[in-house]
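K.L.:
A single structure is presented below for examination.
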Amino acid sequence: MSEGKPRVLMLTEPLAAPVSAMAGGAFEIVGPWTVDGPWEAHLARHGAGITAAISSSIDNFDAHLLALLPDLKHISVFGAGMDGVDLAVAEQRGIAVTSGGAIHSGEVADHAVGMMIAARRRLVESDAWVRQGQWQGEARFPPTVSLRRQKVGIIGLGHIGMAIAERAQVFSPDIAWWGPRDKPAPWPRKESLHALAEWADILFVAARADDASRGLVDGRVIEALGAGGLLINISRGFVVDEQALIAALRDGRLGQAALDVFDPEPTVAARWADVPNTLLSPHNAGVTTDAIMALCAHAVQTVKDALARG
């Protein structure tokens with residue numbers, strides 16, 4: 001440890017190098033890879049004095065970890081999801097938690113809409129069709145679904161949900177949304193989540209991920225979306241009842257699913273081996289080189305501001 005230099009806690013080593021470079025010596029990063037011996041034992045001895053932390057958004061800042069950081073005042077979260085932070089304990093202790101979700105919302109939305117196009121137009125299957133030599137046979141690749149006639153529903157109209165709607169309207173004029181609270185928006189809000197699912201052909205899950213949204217998209221909602229429906233989840237895996245989703249896909253009660261998030265993560269490949277009509281990506285919707293650099297810069301600045309406030 002450097003004498004006199006503020007220590008900032010991080011749990012994700014790959015992000016430490018760019019954060020450290022951008023910090024320009026303003027603080028020292030402390031993480032499991034920087035210490036000898038057991039990490040928790042180190043925090044039990046040296047956790048006092050750490051006033052700021054940076055979370056990758058999936059790091060586990062639970063009550064046990066927070067108890068080892070008695071002087072913590074600020075947590076800067078890289079992305080939009082704060083589900084890894086025990087917000088009740090943070091509020092009780094007066095720990096400020098800030099998010100960089102707005103910074104990479106466009107990247108996440110691009111990925112989500114890309115999944116919509118890939119699923120409806122079956123781009124992955126088309127690629128396999130050519131590579132496997134089926135195009136050279138007599139059979140033709142079957143027609144796909146036009147995006148021009150699809151009704152697009154969005155669960156959650158925050159930064160990411162809004163960015164999805166803005167992109168989706170290029171394909172469809174029929175866009176609606178639902179969230180627990182009404183807000184001014186160019187698109188109509190349905191009276192309930194179930195009503196949105198019944199109306200929609202494509203349903204984007206962009207809800208804020210916290211305990212209130214756990215299991216929000218349940219079997220009833222999936223059933224309402226129906227055999228022709230496409231569900232796209234770029235929120236968190238636990239927002240969707242994954243067991244009900246898999247059962248509906250196997251039975252044909254849900255048409256398609258495109259998932260960037262799973263419950264738990266990383267998901268097991270065998271879980272999806274016999275699940276039809278699925279498009280999967282490894283929770284990388286917001287992971288572009290530009291977004292990572294922007295999020296690192298935001299985290300560094302918020303931590304510098306927090307350290308300056310004392």
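By order of appearance in the structure tokens: chains A, B, ..., then residues from 1 within every chain, and ligands from 1 in the order shown.
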Might you pull out every residue within 9 Å of A:Glu40, with only C-alpha atoms counted and same-chain residues fewer than 6 positions away left off, and present them as a list in words?
P.N.:
Pro32, Leu65 and Leu68 of chain A
K.L.:
Could you write out, as a PyMOL selection string, all the residues of stretch 75-237 of chain A that DSSP marks as helix (DSSP H, G or I)?
P.N.:
chain A and resi 87-93+105-120+123-131+134-136+147-149+159-168+193-199+211-213+219-225+237
K.L.:
If you count only C-alpha atoms, which residues fall within 12 Å of A:Val108, apart from same-chain ones fewer than 6 positions away, as a list in words?
P.N.:
Gly79, Ala80, Gly101, Ala102, Gly114, Met115, His159, Ile160, Gly161, Met162, Ala163, Ile164, Arg167, Phe204, Val205, Ala206, Ile232, Asn233, Ile234, Ser235, Asp260, Val261, His283, Asn284, Ala285, Gly286, Val287, Thr288 and Ala291 of chain A
K.L.:
May I ask which of the residues A:Ala168, A:Thr12, A:Val240, A:Thr302 is the closest one to A:His111, counting only C-alpha atoms?
P.N.:
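Of all the options, A:Ala168 lies closest to A:His111.
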